[in-house]
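The data block below is final32.cif; it holds mmCIF, C-alpha atoms.
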```cif
data_target
loop_
_atom_site.label_atom_id
_atom_site.label_comp_id
_atom_site.auth_asym_id
_atom_site.auth_seq_id
_atom_site.Cartn_x
_atom_site.Cartn_y
_atom_site.Cartn_z
CA MET A 1 -9.42 -64.16 -4.26
CA PRO A 2 -9.25 -60.81 -2.39
CA HIS A 3 -6.64 -58.67 -4.02
CA SER A 4 -4.75 -58.17 -0.76
CA ARG A 5 -3.82 -61.87 -0.73
CA PHE A 6 -1.86 -61.88 -3.98
CA LEU A 7 -0.76 -58.24 -4.42
CA ASN A 8 2.50 -57.17 -2.79
CA ARG A 9 2.43 -53.42 -2.25
CA GLN A 10 5.85 -51.81 -2.14
CA ALA A 11 6.69 -49.22 0.50
CA LEU A 12 7.61 -46.75 -2.21
CA HIS A 13 5.72 -43.51 -2.84
CA LEU A 14 6.50 -40.94 -5.52
CA ARG A 15 4.97 -37.65 -4.45
CA PRO A 16 4.82 -34.29 -6.25
CA ASP A 17 7.55 -31.83 -5.37
CA PRO A 18 6.68 -28.13 -5.87
CA GLY A 19 10.37 -27.28 -5.57
CA ARG A 20 11.10 -28.77 -8.99
CA VAL A 21 10.74 -26.05 -11.59
CA VAL A 22 11.44 -25.41 -15.26
CA VAL A 23 11.89 -22.09 -17.02
CA ARG A 24 9.22 -21.44 -19.65
CA PRO A 25 8.50 -18.55 -22.02
CA PHE A 26 6.41 -15.73 -20.61
CA LYS A 27 4.39 -14.29 -23.47
CA PRO A 28 2.65 -10.95 -23.28
CA ALA A 29 1.99 -11.81 -26.93
CA THR A 30 5.54 -11.37 -28.14
CA GLU A 31 5.49 -14.05 -30.83
CA PRO A 32 4.55 -13.22 -34.45
CA ARG A 33 1.34 -15.27 -34.24
CA ASP A 34 0.14 -13.19 -31.28
CA LEU A 35 -1.83 -10.49 -33.03
CA ASN A 36 -3.21 -8.39 -30.19
CA PRO A 37 -1.72 -4.93 -30.87
CA THR A 38 -2.17 -3.83 -27.26
CA ASP A 39 -0.09 -6.75 -26.02
CA LYS A 40 2.53 -6.11 -28.70
CA THR A 41 2.84 -2.57 -27.42
CA ARG A 42 3.22 -3.93 -23.92
CA ALA A 43 6.06 -6.23 -25.01
CA ASN A 44 7.77 -3.40 -26.82
CA HIS A 45 7.46 -1.21 -23.76
CA ILE A 46 9.28 -3.83 -21.68
CA VAL A 47 12.11 -3.96 -24.22
CA ASP A 48 12.30 -0.14 -24.36
CA ARG A 49 12.64 0.02 -20.57
CA VAL A 50 15.54 -2.42 -20.62
CA LEU A 51 17.27 -0.49 -23.39
CA ALA A 52 16.84 2.75 -21.45
CA LEU A 53 18.85 1.42 -18.50
CA ASP A 54 22.35 2.76 -17.97
CA PRO A 55 24.76 -0.02 -19.14
CA ALA A 56 26.20 -0.37 -15.63
CA VAL A 57 22.70 -0.65 -14.15
CA ALA A 58 21.71 -3.23 -16.76
CA ALA A 59 24.82 -5.30 -15.99
CA SER A 60 24.12 -5.07 -12.26
CA GLN A 61 20.51 -6.10 -12.79
CA LEU A 62 21.57 -9.15 -14.82
CA VAL A 63 24.03 -10.19 -12.10
CA ASP A 64 21.27 -9.83 -9.52
CA VAL A 65 18.93 -12.05 -11.53
CA LEU A 66 21.61 -14.71 -11.98
CA GLU A 67 22.47 -14.68 -8.29
CA ASN A 68 18.79 -14.82 -7.31
CA PHE A 69 18.17 -17.94 -9.42
CA ASP A 70 21.59 -19.50 -8.97
CA GLY A 71 21.41 -23.27 -8.53
CA ARG A 72 17.80 -23.54 -9.67
CA HIS A 73 18.54 -24.12 -13.37
CA ARG A 74 21.29 -25.46 -15.59
CA ASN A 75 23.00 -22.89 -17.91
CA LEU A 76 20.60 -20.09 -17.04
CA LEU A 77 22.51 -17.47 -19.04
CA LYS A 78 22.22 -19.63 -22.16
CA ILE A 79 18.49 -19.95 -21.49
CA PHE A 80 18.22 -16.14 -21.44
CA GLU A 81 20.12 -15.93 -24.71
CA ALA A 82 17.99 -18.61 -26.34
CA ARG A 83 14.82 -16.80 -25.30
CA ALA A 84 16.12 -13.59 -26.88
CA ASP A 85 16.87 -15.55 -30.06
CA ASP A 86 13.29 -16.85 -30.09
CA MET A 87 12.06 -13.26 -29.94
CA GLU A 88 14.18 -12.01 -32.82
CA ASP A 89 11.17 -10.78 -34.80
CA ALA A 90 9.83 -8.89 -31.81
CA LEU A 91 13.22 -7.30 -31.11
CA ALA A 92 13.89 -6.26 -34.71
CA ALA A 93 11.99 -2.99 -34.31
CA HIS A 94 14.40 -1.85 -31.61
CA ALA A 95 17.95 -0.54 -31.66
CA ASN A 96 20.98 -2.80 -31.58
CA PHE A 97 21.40 -4.74 -28.38
CA SER A 98 24.49 -5.44 -26.34
CA ASN A 99 24.92 -9.02 -25.06
CA VAL A 100 23.92 -7.91 -21.58
CA GLN A 101 20.78 -6.23 -22.89
CA ARG A 102 19.78 -9.28 -24.94
CA GLN A 103 20.26 -11.59 -21.96
CA LEU A 104 18.33 -9.28 -19.69
CA VAL A 105 15.48 -9.00 -22.19
CA GLY A 106 15.43 -12.81 -22.37
CA ALA A 107 15.07 -12.96 -18.59
CA TYR A 108 12.08 -10.62 -18.64
CA PHE A 109 10.24 -12.93 -21.03
CA LEU A 110 10.65 -16.11 -18.98
CA HIS A 111 8.99 -17.47 -15.88
CA GLU A 112 9.44 -20.43 -13.57
CA TYR A 113 6.80 -23.16 -13.63
CA SER A 114 6.44 -25.75 -10.89
CA PHE A 115 5.50 -28.58 -13.22
CA GLU A 116 4.57 -31.17 -10.58
CA ALA A 117 3.26 -28.92 -7.83
CA ALA A 118 -0.21 -30.49 -7.84
CA ALA A 119 0.24 -34.13 -8.86
CA LEU A 120 2.63 -36.84 -10.05
CA PHE A 121 0.57 -39.74 -11.30
CA ASN A 122 -0.56 -42.19 -14.01
CA PRO A 123 2.79 -43.95 -14.41
CA SER A 124 3.98 -46.20 -17.23
CA ILE A 125 7.04 -48.47 -17.12
CA VAL A 126 9.41 -49.98 -19.71
CA ALA A 127 12.82 -51.65 -19.61
CA HIS A 128 15.71 -49.18 -19.69
CA PRO A 129 17.57 -49.18 -23.03
CA ASP A 130 20.81 -49.25 -21.01
CA GLN A 131 20.93 -52.25 -18.67
CA SER A 132 24.43 -51.54 -17.34
CA GLY A 133 24.36 -51.51 -13.56
CA ALA A 134 21.26 -53.70 -13.32
CA PRO A 135 21.17 -55.88 -10.18
CA PRO A 136 22.04 -59.59 -10.61
CA GLY A 137 18.99 -61.32 -12.05
CA GLY A 138 17.18 -57.97 -12.18
CA ARG A 139 16.77 -55.14 -14.62
CA ARG A 140 16.77 -51.38 -14.95
CA PHE A 141 13.59 -49.54 -15.93
CA ILE A 142 12.32 -46.13 -16.99
CA LEU A 143 9.15 -44.79 -15.43
CA SER A 144 7.15 -42.06 -17.14
CA LEU A 145 4.75 -39.96 -15.10
CA ARG A 146 2.14 -37.33 -15.74
CA ALA A 147 3.02 -34.17 -13.82
CA VAL A 148 0.46 -31.43 -13.15
CA GLY A 149 1.18 -27.87 -12.09
CA GLU A 150 -0.56 -24.50 -11.98
CA GLY A 151 -3.64 -24.29 -14.19
CA HIS A 152 -3.90 -28.08 -14.42
CA VAL A 153 -1.36 -28.18 -17.23
CA SER A 154 0.10 -31.67 -17.70
CA SER A 155 3.62 -32.51 -18.82
CA LEU A 156 5.65 -35.70 -19.10
CA THR A 157 8.49 -36.47 -16.70
CA PHE A 158 10.69 -39.48 -16.01
CA ARG A 159 12.40 -41.54 -13.33
CA SER A 160 14.80 -44.46 -13.52
CA GLY A 161 14.99 -47.40 -11.18
CA SER A 162 15.74 -51.08 -10.66
CA ILE A 163 13.92 -54.34 -10.07
CA THR A 164 15.82 -57.04 -8.18
CA ALA A 165 15.58 -60.74 -8.95
CA ASP A 166 12.94 -61.18 -6.22
CA GLY A 167 10.82 -58.24 -7.45
CA SER A 168 11.87 -55.52 -5.02
CA VAL A 169 11.58 -52.11 -6.67
CA SER A 170 13.73 -49.05 -6.09
CA VAL A 171 13.56 -45.66 -7.80
CA ASP A 172 16.61 -43.46 -8.24
CA PRO A 173 16.44 -40.07 -6.51
CA ALA A 174 15.11 -37.28 -8.71
CA ALA A 175 17.60 -34.71 -9.89
CA ARG A 176 17.41 -31.34 -8.18
CA LEU A 177 17.24 -29.54 -11.53
CA ALA A 178 14.73 -29.91 -14.35
CA SER A 179 14.61 -28.63 -17.91
CA ILE A 180 12.57 -28.68 -21.08
CA PRO A 181 14.09 -29.81 -24.40
CA LYS A 182 15.04 -27.80 -27.44
CA VAL A 183 12.66 -28.00 -30.39
CA THR A 184 14.89 -28.96 -33.33
CA GLU A 185 12.23 -29.66 -35.97
CA ARG A 186 8.67 -28.46 -36.50
CA HIS A 187 6.63 -29.40 -39.55
CA ALA A 188 3.02 -28.43 -40.05
CA GLY A 189 0.77 -31.12 -41.49
CA PRO A 190 -2.94 -31.35 -42.28
CA ASP A 191 -3.51 -33.20 -39.00
CA GLY A 192 -1.25 -31.06 -36.82
CA ASP A 193 2.38 -30.29 -36.08
CA TYR A 194 5.16 -32.86 -36.23
CA ILE A 195 7.75 -31.99 -33.61
CA THR A 196 11.22 -33.25 -32.69
CA VAL A 197 12.63 -32.24 -29.32
CA VAL A 198 16.10 -32.98 -27.98
CA PHE A 199 17.64 -32.93 -24.51
CA THR A 200 21.38 -32.69 -23.87
CA ARG A 201 23.23 -35.82 -22.84
CA ASP A 202 24.50 -34.21 -19.65
CA GLU A 203 20.93 -33.87 -18.35
CA GLU A 204 19.90 -36.75 -16.12
CA LEU A 205 16.79 -38.69 -17.10
CA SER A 206 14.78 -37.24 -14.21
CA GLU A 207 15.73 -33.70 -15.31
CA ARG A 208 13.92 -34.14 -18.63
CA VAL A 209 10.43 -32.67 -18.81
CA ILE A 210 8.41 -32.73 -22.03
CA PHE A 211 6.10 -29.75 -21.83
CA PRO A 212 3.35 -28.88 -24.34
CA VAL A 213 4.84 -27.31 -27.49
CA THR A 214 1.90 -27.19 -29.91
CA ASP A 215 -1.54 -25.61 -29.85
CA ALA A 216 -3.17 -29.05 -29.70
CA GLN A 217 -1.15 -29.83 -26.55
CA SER A 218 -1.37 -26.39 -24.98
CA ASN A 219 -3.26 -27.53 -21.88
CA GLY A 220 -1.55 -30.86 -21.48
CA ILE A 221 0.32 -33.95 -22.57
CA GLU A 222 -1.68 -36.53 -20.66
CA ASP A 223 -1.41 -40.23 -19.74
CA ALA A 224 1.46 -41.48 -21.89
CA ARG A 225 1.27 -45.27 -22.37
CA PHE A 226 4.80 -46.37 -23.17
CA VAL A 227 5.62 -49.68 -24.84
CA GLU A 228 8.87 -51.30 -25.94
CA PHE A 229 8.03 -52.17 -29.54
CA THR A 230 10.05 -54.69 -31.53
CA ASP A 231 9.95 -55.14 -35.28
CA GLY A 232 12.54 -56.97 -37.37
CA GLY A 233 15.02 -57.00 -34.51
CA ARG A 234 14.74 -53.22 -33.98
CA THR A 235 13.46 -51.77 -30.74
CA THR A 236 11.66 -48.44 -30.51
CA TYR A 237 9.90 -46.96 -27.51
CA TYR A 238 6.47 -45.60 -28.43
CA ALA A 239 3.94 -43.84 -26.26
CA THR A 240 0.37 -43.00 -27.14
CA TYR A 241 -0.86 -39.98 -25.20
CA THR A 242 -3.71 -37.51 -25.09
CA ALA A 243 -3.06 -34.00 -26.37
CA TYR A 244 -5.43 -31.51 -24.75
CA SER A 245 -5.86 -27.98 -26.10
CA GLY A 246 -8.24 -26.81 -23.38
CA ARG A 247 -11.12 -27.31 -25.80
CA ALA A 248 -10.49 -30.58 -27.60
CA ILE A 249 -8.58 -33.84 -27.21
CA ARG A 250 -6.84 -36.12 -29.65
CA SER A 251 -4.38 -39.01 -29.53
CA GLU A 252 -0.77 -38.47 -30.55
CA LEU A 253 2.32 -40.67 -30.73
CA LEU A 254 5.69 -40.14 -29.07
CA GLU A 255 8.69 -42.16 -30.19
CA THR A 256 12.28 -42.44 -29.01
CA GLY A 257 15.19 -44.83 -29.02
CA ASP A 258 17.26 -43.26 -26.27
CA PHE A 259 14.96 -40.99 -24.19
CA ILE A 260 17.04 -38.02 -25.32
CA THR A 261 15.52 -37.34 -28.73
CA PHE A 262 11.74 -37.56 -29.02
CA ARG A 263 9.45 -37.22 -32.02
CA MET A 264 5.82 -36.24 -31.47
CA SER A 265 3.31 -36.93 -34.25
CA PRO A 266 -0.45 -36.47 -34.51
CA LEU A 267 -2.39 -39.65 -35.24
CA LYS A 268 -4.81 -39.67 -38.16
CA GLY A 269 -8.11 -41.46 -38.58
CA THR A 270 -11.41 -41.75 -36.76
CA ALA A 271 -9.86 -43.53 -33.78
CA ALA A 272 -7.48 -40.65 -33.05
CA GLY A 273 -10.25 -38.42 -31.72
CA ASN A 274 -10.51 -40.52 -28.56
CA LYS A 275 -8.43 -41.09 -25.42
CA GLY A 276 -6.81 -44.22 -24.14
CA MET A 277 -5.16 -45.82 -27.16
CA ALA A 278 -2.54 -48.48 -26.36
CA LEU A 279 -0.21 -50.10 -28.88
CA PHE A 280 0.64 -53.80 -28.84
CA PRO A 281 4.40 -54.40 -28.40
CA ARG A 282 4.70 -56.12 -31.78
CA LYS A 283 2.71 -56.58 -34.96
CA ILE A 284 -0.11 -59.14 -34.92
CA ASN A 285 -0.38 -61.16 -38.13
CA GLY A 286 1.76 -58.61 -39.93
CA ARG A 287 -0.21 -55.52 -38.89
CA TYR A 288 0.02 -52.95 -36.12
CA ALA A 289 -2.61 -53.49 -33.43
CA MET A 290 -4.08 -51.09 -30.91
CA ILE A 291 -6.53 -51.25 -28.02
CA ALA A 292 -8.83 -48.23 -28.27
CA ARG A 293 -12.02 -46.82 -26.77
CA GLN A 294 -14.23 -45.57 -29.55
CA ASP A 295 -17.39 -44.78 -27.62
CA ASN A 296 -16.10 -43.78 -24.14
CA GLU A 297 -17.60 -46.97 -22.75
CA ASN A 298 -16.17 -50.16 -24.33
CA LEU A 299 -12.77 -51.44 -25.45
CA TYR A 300 -12.05 -52.18 -29.10
CA LEU A 301 -9.31 -53.93 -31.05
CA ILE A 302 -8.23 -52.04 -34.17
CA HIS A 303 -5.54 -52.77 -36.77
CA SER A 304 -3.56 -50.68 -39.22
CA ASP A 305 -0.83 -50.98 -41.81
CA ASP A 306 0.19 -47.41 -41.02
CA LEU A 307 1.43 -46.67 -37.51
CA TYR A 308 0.18 -43.08 -37.77
CA ALA A 309 -3.31 -43.74 -39.17
CA TRP A 310 -6.05 -45.56 -37.25
CA ASN A 311 -9.61 -46.09 -38.41
CA GLY A 312 -11.90 -47.13 -35.61
CA ASP A 313 -14.91 -47.79 -37.81
CA ASP A 314 -13.90 -51.39 -38.46
CA GLY A 315 -12.79 -52.08 -34.87
CA VAL A 316 -14.00 -55.12 -32.98
CA ALA A 317 -15.60 -54.60 -29.55
CA VAL A 318 -13.50 -56.76 -27.24
CA LEU A 319 -14.73 -55.81 -23.80
CA LYS A 320 -17.93 -54.23 -22.50
CA PRO A 321 -18.92 -53.36 -18.94
CA LYS A 322 -20.14 -56.50 -17.23
CA PHE A 323 -19.51 -56.28 -13.49
CA PRO A 324 -20.69 -53.58 -11.04
CA TRP A 325 -17.23 -52.05 -10.56
CA GLU A 326 -17.10 -51.17 -14.30
CA PHE A 327 -20.73 -50.34 -15.12
CA VAL A 328 -20.02 -46.69 -16.03
CA GLN A 329 -17.15 -47.38 -18.44
CA ILE A 330 -14.01 -49.40 -19.01
CA GLY A 331 -10.69 -48.48 -20.56
CA ASN A 332 -7.19 -49.85 -20.92
CA CYS A 333 -4.41 -49.28 -18.43
CA GLY A 334 -1.48 -49.56 -20.78
CA SER A 335 -0.22 -51.69 -23.61
CA PRO A 336 -0.88 -55.44 -23.55
CA ILE A 337 1.82 -57.62 -21.97
CA GLU A 338 2.73 -60.84 -23.78
CA LEU A 339 2.54 -63.98 -21.63
CA ASP A 340 2.71 -67.65 -22.53
CA ALA A 341 -1.01 -67.87 -21.84
CA GLY A 342 -1.97 -64.89 -24.00
CA TRP A 343 -2.03 -61.08 -23.92
CA LEU A 344 -2.50 -59.63 -20.44
CA LEU A 345 -4.36 -56.33 -20.68
CA LEU A 346 -4.79 -54.24 -17.56
CA THR A 347 -8.07 -52.32 -17.54
CA HIS A 348 -9.74 -49.64 -15.50
CA GLY A 349 -13.38 -49.69 -14.55
CA VAL A 350 -15.55 -46.88 -13.25
CA GLY A 351 -18.23 -47.77 -10.74
CA PRO A 352 -20.54 -46.06 -8.24
CA VAL A 353 -19.60 -42.48 -7.27
CA ARG A 354 -17.12 -42.63 -10.17
CA LYS A 355 -14.72 -44.86 -8.26
CA TYR A 356 -11.87 -46.02 -10.53
CA SER A 357 -10.44 -49.51 -10.03
CA ILE A 358 -7.91 -51.63 -11.92
CA GLY A 359 -8.73 -55.03 -13.37
CA ALA A 360 -7.32 -57.33 -16.04
CA VAL A 361 -8.30 -59.40 -19.05
CA LEU A 362 -6.50 -62.21 -20.87
CA LEU A 363 -6.72 -62.10 -24.67
CA ASP A 364 -5.88 -64.85 -27.14
CA LYS A 365 -2.30 -64.49 -28.38
CA ASN A 366 -3.09 -65.09 -32.06
CA ASP A 367 -6.53 -63.47 -32.08
CA PRO A 368 -6.67 -60.71 -29.45
CA SER A 369 -10.35 -60.12 -30.20
CA ARG A 370 -11.03 -63.34 -28.24
CA VAL A 371 -11.36 -62.88 -24.48
CA LEU A 372 -10.10 -65.89 -22.57
CA ALA A 373 -10.69 -64.60 -19.04
CA ARG A 374 -11.35 -61.35 -17.16
CA SER A 375 -11.57 -59.86 -13.67
CA ARG A 376 -14.82 -60.41 -11.85
CA GLU A 377 -13.53 -58.20 -9.03
CA PRO A 378 -10.88 -55.44 -9.23
CA LEU A 379 -7.24 -56.30 -8.71
CA VAL A 380 -6.60 -52.88 -7.18
CA ARG A 381 -9.18 -50.52 -5.77
CA PRO A 382 -8.98 -47.29 -3.75
CA GLU A 383 -8.07 -48.14 -0.15
CA PRO A 384 -9.94 -46.27 2.60
CA SER A 385 -6.65 -44.87 3.91
CA GLN A 386 -5.63 -43.58 0.45
CA ARG A 387 -8.83 -42.23 -1.04
CA GLU A 388 -8.11 -38.53 -0.58
CA GLY A 389 -6.27 -36.44 -3.14
CA TYR A 390 -6.54 -34.22 -6.18
CA VAL A 391 -9.26 -36.55 -7.53
CA PRO A 392 -10.50 -38.87 -4.76
CA ASN A 393 -11.46 -42.54 -5.18
CA VAL A 394 -9.14 -43.26 -8.09
CA VAL A 395 -6.41 -45.82 -8.75
CA TYR A 396 -4.96 -45.78 -12.26
CA THR A 397 -1.97 -46.94 -14.26
CA CYS A 398 -0.73 -46.36 -17.80
CA GLY A 399 1.27 -49.56 -18.03
CA ALA A 400 2.98 -52.41 -16.18
CA ILE A 401 5.95 -54.62 -17.06
CA ARG A 402 6.76 -58.31 -16.90
CA HIS A 403 9.89 -59.38 -15.01
CA ASN A 404 10.46 -63.14 -15.07
CA ASP A 405 7.34 -64.63 -13.44
CA LEU A 406 6.26 -61.29 -11.92
CA ILE A 407 4.14 -58.34 -13.01
CA ILE A 408 5.50 -55.00 -11.77
CA LEU A 409 2.60 -52.57 -11.50
CA PRO A 410 3.18 -48.86 -10.90
CA TYR A 411 -0.07 -47.05 -10.23
CA ALA A 412 -1.40 -43.71 -9.09
CA ILE A 413 -3.60 -42.93 -6.12
CA SER A 414 -6.25 -40.22 -6.25
CA ASP A 415 -4.52 -38.51 -9.18
CA THR A 416 -1.94 -37.25 -6.70
CA PHE A 417 1.00 -39.61 -6.15
CA SER A 418 2.26 -42.96 -7.38
CA ASN A 419 3.48 -46.21 -5.90
CA PHE A 420 4.17 -49.84 -6.87
CA ALA A 421 2.75 -53.29 -6.41
CA THR A 422 3.94 -56.68 -7.63
CA THR A 423 2.27 -60.03 -8.16
CA THR A 424 3.19 -63.35 -9.66
CA ILE A 425 1.73 -64.00 -13.09
CA GLN A 426 0.23 -67.28 -11.89
CA SER A 427 -1.53 -65.63 -8.94
CA LEU A 428 -2.93 -62.90 -11.17
CA LEU A 429 -4.21 -65.34 -13.77
CA GLU A 430 -5.90 -67.38 -11.06
CA THR A 431 -8.05 -64.37 -10.19
CA LEU A 432 -9.49 -64.19 -13.72
CA ASP A 433 -12.68 -66.00 -14.69
CA GLY A 434 -13.00 -67.77 -18.03
#
```

Could you render the structure as structure tokens?
Amino acid sequence: MPHSRFLNRQALHLRPDPGRVVVRPFKPATEPRDLNPTDKTRANHIVDRVLALDPAVAASQLVDVLENFDGRHRNLLKIFEARADDMEDALAAHANFSNVQRQLVGAYFLHEYSFEAAALFNPSIVAHPDQSGAPPGGRRFILSLRAVGEGHVSSLTFRSGSITADGSVSVDPAARLASIPKVTERHAGPDGDYITVVFTRDEELSERVIFPVTDAQSNGIEDARFVEFTDGGRTTYYATYTAYSGRAIRSELLETGDFITFRMSPLKGTAAGNKGMALFPRKINGRYAMIARQDNENLYLIHSDDLYAWNGDDGVAVLKPKFPWEFVQIGNCGSPIELDAGWLLLTHGVGPVRKYSIGAVLLDKNDPSRVLARSREPLVRPEPSQREGYVPNVVYTCGAIRHNDLIILPYAISDTFSNFATTTIQSLLETLDG
């Protein structure tokens, strides 16, 4: 069945907005780990120039900065102070500072970053932990998105929205402001840093931007695949994502219960060196289960007793390229969705001219290594009118959600912007071949 006959595309586009900015540290190597002595001298010179200002001039300069950036950030003066606190080691070599001088120094070592100036794409969707205000017969959701700004640095941002009883989707307007969280814990481990970051409760969901905070993530937090995981009556939201250092990739795990406090952990094991891991929403036969791509070509099912350690060597190849639209490679498009008929796994396939399309596969509920049916043709493919963008000829998603007898599918177009489609479960299953 042609996909246009069963897929209901929503008239809802989420496009990147270069006017949304966060304040990030500007580092002419001012941190202790930055060892370039020339840059350290440069940082010290900046501090010396601030200290040399007449107190009245310094106060006037600080007022000018605050007025210039008024309305663009929440609690900007506190941000200046926090940046000065971060630089305590670098400032120790200088004379005592007044509050105005410390705040002004903090301002000189910050810069604005337009985190979604280039793209807002690869969405993932889960039910909102707070369903108050949901429409009758509907539900609230949280959408995560990959945002890309200058230098192709990826961060994680969020939106909230609603699904009505009939499957109509609406997304709440994005907040005008945006901010990055405070790092409250950092522990070094043999496999990387374990980080806890916390937002304030007065920041709206769409204000919250998780920006790279470790060396392994320094060039991006990419393609978070969120899943609402239940175990023993407890619900936790997990997301597997790709940490990119600019030289190497690895899979890491994000976890939260409220989308205010987030813990980021490196994953261990041979499977963690690859992209595209997706966690099942519950344990299978008493063990954690993951869809992974061990060889950049096929999809594997792997199990573990430890959520943070995944060995791909004993994985079972579940899906291999079979049809022309996926001859180059296949991968998952989010965590499996549990249906009465089995596990619905959305996939992506890469075909001629590296065209990315979205398909699906149905896995056995008790033994997900068994394929019951799969897409002979893509469910979603790049439309001629929507092929242009940051990366042309791509449609991609990092996760859909079930709502009654519907599948709600957010997906990205040409690695630039995102929109939604819906379909009935029955119609989707009828497109799959056994």

Quick one: everything within 8 Å of Asp193 (chain A), counting all atoms listed in the file, minus sequence neighbours fewer than 5 positions away in the same chain. Send it as a short mmCIF file (atom, residue, chain, number, x, y, z; two decimals) with C-alpha atoms, in the frame of the given file.
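Listing of around-v9.cif after writing:
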```
data_model
loop_
_atom_site.label_atom_id
_atom_site.label_comp_id
_atom_site.auth_asym_id
_atom_site.auth_seq_id
_atom_site.Cartn_x
_atom_site.Cartn_y
_atom_site.Cartn_z
CA ARG A 186 8.67 -28.46 -36.50
CA HIS A 187 6.63 -29.40 -39.55
CA ALA A 188 3.02 -28.43 -40.05
CA THR A 214 1.90 -27.19 -29.91
CA SER A 265 3.31 -36.93 -34.25
CA PRO A 266 -0.45 -36.47 -34.51
#
```

Which residues fall under the PyMOL selection byres ((chain A and resi 26) around 6) in this file, as a ChimeraX atom specification? /A:25,27,109-111

Enumerate, as a PyMOL selection string, the residues matched when the PyMOL selection byres ((chain A and resi 370) around 12) is run on the file above. chain A and resi 300-301+316-319+342-343+361-369+371-374+434

Would you please work out which residue, of A:Thr423, A:Ser304, A:Thr270, A:Ser375, is nearest to Trp325 (chain A) when using all atoms listed in the file? A:Ser375

Which residues would end up in the selection if the PyMOL selection byres ((chain A and resi 163) around 10) were applied here, given that I need the answer as an mmCIF file with C-alpha atoms, in the coordinates of the input?
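Saved result, result32.cif, follows:
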```
data_model
loop_
_atom_site.group_PDB
_atom_site.id
_atom_site.type_symbol
_atom_site.label_atom_id
_atom_site.label_comp_id
_atom_site.auth_asym_id
_atom_site.auth_seq_id
_atom_site.Cartn_x
_atom_site.Cartn_y
_atom_site.Cartn_z
ATOM 1 C CA ALA A 127 12.820 -51.650 -19.610
ATOM 2 C CA ALA A 134 21.260 -53.700 -13.320
ATOM 3 C CA PRO A 135 21.170 -55.880 -10.180
ATOM 4 C CA PRO A 136 22.040 -59.590 -10.610
ATOM 5 C CA GLY A 137 18.990 -61.320 -12.050
ATOM 6 C CA GLY A 138 17.180 -57.970 -12.180
ATOM 7 C CA ARG A 139 16.770 -55.140 -14.620
ATOM 8 C CA ARG A 140 16.770 -51.380 -14.950
ATOM 9 C CA PHE A 141 13.590 -49.540 -15.930
ATOM 10 C CA GLY A 161 14.990 -47.400 -11.180
ATOM 11 C CA SER A 162 15.740 -51.080 -10.660
ATOM 12 C CA THR A 164 15.820 -57.040 -8.180
ATOM 13 C CA ALA A 165 15.580 -60.740 -8.950
ATOM 14 C CA ASP A 166 12.940 -61.180 -6.220
ATOM 15 C CA GLY A 167 10.820 -58.240 -7.450
ATOM 16 C CA SER A 168 11.870 -55.520 -5.020
ATOM 17 C CA VAL A 169 11.580 -52.110 -6.670
ATOM 18 C CA SER A 170 13.730 -49.050 -6.090
ATOM 19 C CA VAL A 171 13.560 -45.660 -7.800
ATOM 20 C CA HIS A 403 9.890 -59.380 -15.010
ATOM 21 C CA ILE A 408 5.500 -55.000 -11.770
#
```

Residue nearest Ser251 (chain A) among A:Asp223, A:Asp231, A:Asp215, A:Asp17 (counting all atoms listed in the file):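 Answer, going by the shortest atom-to-atom distance: A:Asp223.
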
Nearest candidate to Lys355 (chain A) (options A:Ile210, A:Val380, A:Ala292, A:Leu339; using only C-alpha atoms): A:Val380

Missing atoms in region 173-181 of chain A need filling: write out N, CA and C atoms for it as a compact mmCIF listing (two decimals), keeping the file's coordinate frame.
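The file below, part-v1.txt, is the result:
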```
# COMPACT_ATOMS: atom_id res chain seq x y z
N PRO A 173 16.85 -41.41 -6.93
CA PRO A 173 16.44 -40.07 -6.51
C PRO A 173 16.29 -39.13 -7.70
N ALA A 174 15.30 -38.27 -7.65
CA ALA A 174 15.11 -37.28 -8.71
C ALA A 174 16.19 -36.23 -8.65
N ALA A 175 16.62 -35.79 -9.81
CA ALA A 175 17.60 -34.71 -9.89
C ALA A 175 17.01 -33.43 -9.30
N ARG A 176 17.88 -32.60 -8.75
CA ARG A 176 17.41 -31.34 -8.18
C ARG A 176 16.93 -30.39 -9.27
N LEU A 177 17.58 -30.44 -10.43
CA LEU A 177 17.24 -29.54 -11.53
C LEU A 177 16.25 -30.20 -12.48
N ALA A 178 15.64 -29.41 -13.32
CA ALA A 178 14.73 -29.91 -14.35
C ALA A 178 14.78 -28.94 -15.53
N SER A 179 14.54 -29.49 -16.73
CA SER A 179 14.61 -28.63 -17.91
C SER A 179 13.71 -29.17 -19.00
N ILE A 180 13.36 -28.29 -19.92
CA ILE A 180 12.57 -28.68 -21.08
C ILE A 180 13.52 -28.79 -22.28
N PRO A 181 13.16 -29.59 -23.29
CA PRO A 181 14.09 -29.81 -24.40
C PRO A 181 14.06 -28.68 -25.42
```
